[in-house]
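Notes follow the structure.
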Amino acid sequence: MHLLVFLETDATFLTADNIDRLISAELPEEVTEQGQQLGIIIRGSMVHTQCAGGNKNALCMKSPRPDQPQRCSKKYPREFLEETIVQANGYPLYRQRDSGKSFTIIGRGTAADIPVTIDNRYVVPYSPYLTGRYRAHVNVEICGSIQAIKYIYKYKYKENNQSAVQVLSEKDEVKRYLNGRYIGLTEAIWRLFEYKVHEEVPSVMHLSIHLPGEQAVYFPEGIDIQGLQDRLQNAHTTLTSFFDYNSNNLDGRQYLYQQFPCHYQFITKKGWQKRVAQGRTAIGRMYSASPFMGEKYNLRLLLTVVCGPQSFHHLRTVYETRYSTFKRACIALGLLENDGEWVATFTEGSTFASGYSLRQLFITALLYGTVVSPIDIWEQFKIPFCDDLPHRLASGTVPLPPNAIDGMRDVQFDYGLYLIQQMLQEFNKTLNDYSLPLPVLNWSTSQAVGQNSLIQEEQLYDLEKQALNHQDMFDVLNTEQLECYHKILQAVVDRRYEGRSPSFFLHGPAGTGKTFLYKCLCSFLRAKGQIVLCVASSGIAAQLLLGGRTAHSRL
Ligand SMILES: [Zn+2]
């Protein structure tokens, strides 16, 4: 179970002393009986020993660079540390003193038979109270900044742990899926008893955003005109009801749309009503809108600053002047100018979106938006744009390029620029087109400099693996698939077709194995070192094919 607890502002405890009172990363003193019991649990479940003694088989062992030896990506054993240090990035360094306390274990995997002395440097942060109470592995950590929370929050909502399992020589696709989906004992029981899988307090309420008259209206098939009219007239949303409440009542006019659910609750058919129950509250969140959405974006922008609006018209009225569009109202309020909207978008996005999504948004802004000064946006937001990269670099997921100098600063920004460059390349654009700086380091893993990166990318397939894949799939093709298989391949290899490009259209209902045949053909040709470009009309369809792209992005 993962649990993230938010504390009230005045209950925060980001000082070293406070942290030490609640969290320990040391072997406990074993003077009292309680201490001895805690010691047993800590030695058994709160020390990082997988890689102790240099066990190369441990999952945490990774090479930061191909030419460098493997080391523990969780950074164990740590350095001894006399005092807990509160860091700016929100992850404190916990006190791990050289107390002389230790015990010996025998290494595992490649370090089998090697005795390793385990001291404070191996201890995973824990709360003595919680571990003592539940007698189990309970890792407790503090996140003291929005940066840390963002990632922990996402981590918490990741699916339950999954591992890729390969069931050998299993030709039955359905059986393979069933065997591959493994549910552990605890999860199975949890679900059988229909316990809650997650809980969130206070609840978050989604607030709808729509332009006048554009809310969704649901009606059954064959409804008569009168019925339809009634439905249209009663198509209230959280937004229209918010306007209605404010035009009929005075008490809610000091609140913004997003603040409204704190004080009022929304009841379908009745609209917003003042909360009566003490202590019950909800957090309001508007659906996000990007500047490409035009007026919807401007409407949302107004709702973030105008308190107590009574109608769409009212929202467009600034200093007694009613403007014809939400955009004009935004400009009158000084909300839009130059890259102001982009700065606002990225500022807001930085608080909840990961570096990866922000980079994507940046690309979209560059390609389709009207960013006046991309370099200023980059300089202002490069930290959130790259906030996932220091971790990737430090953990060795991404090896440092050969021309990197040890201890080089701000490498993540260089890598960020490289990633942005790669994404732009897909649209035939370069960093130069937007006057953005070029990466200094050679991040491309290619040895042959100057060769077309698209061709290189297509030649990266493991030929042997492709051949095996092909054999596996070929063995189970049915008669019809086989017939198509031979016809299509013949057209590829037959010299009579040279200079012409025959087309084939494979027709059949869903689930009859069309994609399976495509994959089989691709593997056959790729195993021979040939280039196969897989394109589909939709992104989802493209994802089903190895190396698949949408047609418009590829061609
Ligand atoms: Zn390790």
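Letters A, B, ... go to the chains of the structure tokens in the order shown; residues in each chain start at 1; ligands are counted from 1 in the same order.
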Which residues sit within 7 Å of ligand 1, counting only C-alpha atoms and all ligand atoms, listed as an MDAnalysis selection string?
chainID A and resid 48:51 58 60:61 72:76
Write down as a ChimeraX atom specification the residues belonging to segment 73-245 of chain A that are assigned helix (DSSP H, G or I) by DSSP computed on the backbone.
/A:109-111,120-122,128-134,146-156,173-180,185-192,225-233,238-245
Quick one: of A:Glu83, A:Asn428, A:Pro309, A:Leu463, who's nearest to Thr15 of chain A, counting only C-alpha atoms?
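Nearest candidate to Thr15 of chain A out of A:Glu83, A:Asn428, A:Pro309, A:Leu463: A:Glu83.
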Nearest residue to Ser444 of chain A from the set A:Tyr415, A:Tyr319, A:Tyr461, A:Phe474 (distances using only C-alpha atoms):
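Closest residue, counting only C-alpha atoms: A:Tyr415.
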Can you work out which one of A:Pro437, A:Pro402, A:Gly529, A:Gly54 has the shortest atom-to-atom distance to Lys465 of chain A, counting only C-alpha atoms?
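That would be A:Gly529, the residue with the smallest distance to Lys465 of chain A.
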Pick out the closest residue to Ile283 of chain A from this set: A:His313, A:Val201, A:Lys327, A:Phe352. Count only C-alpha atoms.
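Using only C-alpha atoms, Ile283 of chain A sits closest to A:Val201.
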All residues 12 Å or closer to Tyr323 of chain A, only C-alpha atoms, same chain fewer than 5 positions away omitted, as a PDB file with C-alpha atoms, in the first residue's frame:
ATOM      1  CA  PHE A 312     -21.425  34.433 -19.318  1.00  0.00           C
ATOM      2  CA  HIS A 313     -22.256  38.064 -20.150  1.00  0.00           C
ATOM      3  CA  HIS A 314     -21.296  39.145 -16.683  1.00  0.00           C
ATOM      4  CA  LEU A 315     -17.977  37.348 -17.029  1.00  0.00           C
ATOM      5  CA  ARG A 316     -17.246  39.259 -20.209  1.00  0.00           C
ATOM      6  CA  THR A 317     -17.959  42.593 -18.534  1.00  0.00           C
ATOM      7  CA  VAL A 318     -14.904  44.414 -17.267  1.00  0.00           C
ATOM      8  CA  ARG A 328     -11.160  40.863 -25.264  1.00  0.00           C
ATOM      9  CA  ALA A 329     -12.258  40.690 -21.643  1.00  0.00           C
ATOM     10  CA  CYS A 330      -9.001  38.909 -20.796  1.00  0.00           C
ATOM     11  CA  ILE A 331      -6.981  41.609 -22.531  1.00  0.00           C
ATOM     12  CA  ALA A 332      -8.950  44.335 -20.760  1.00  0.00           C
ATOM     13  CA  LEU A 333      -8.097  42.676 -17.463  1.00  0.00           C
TER      14      LEU A 333
END
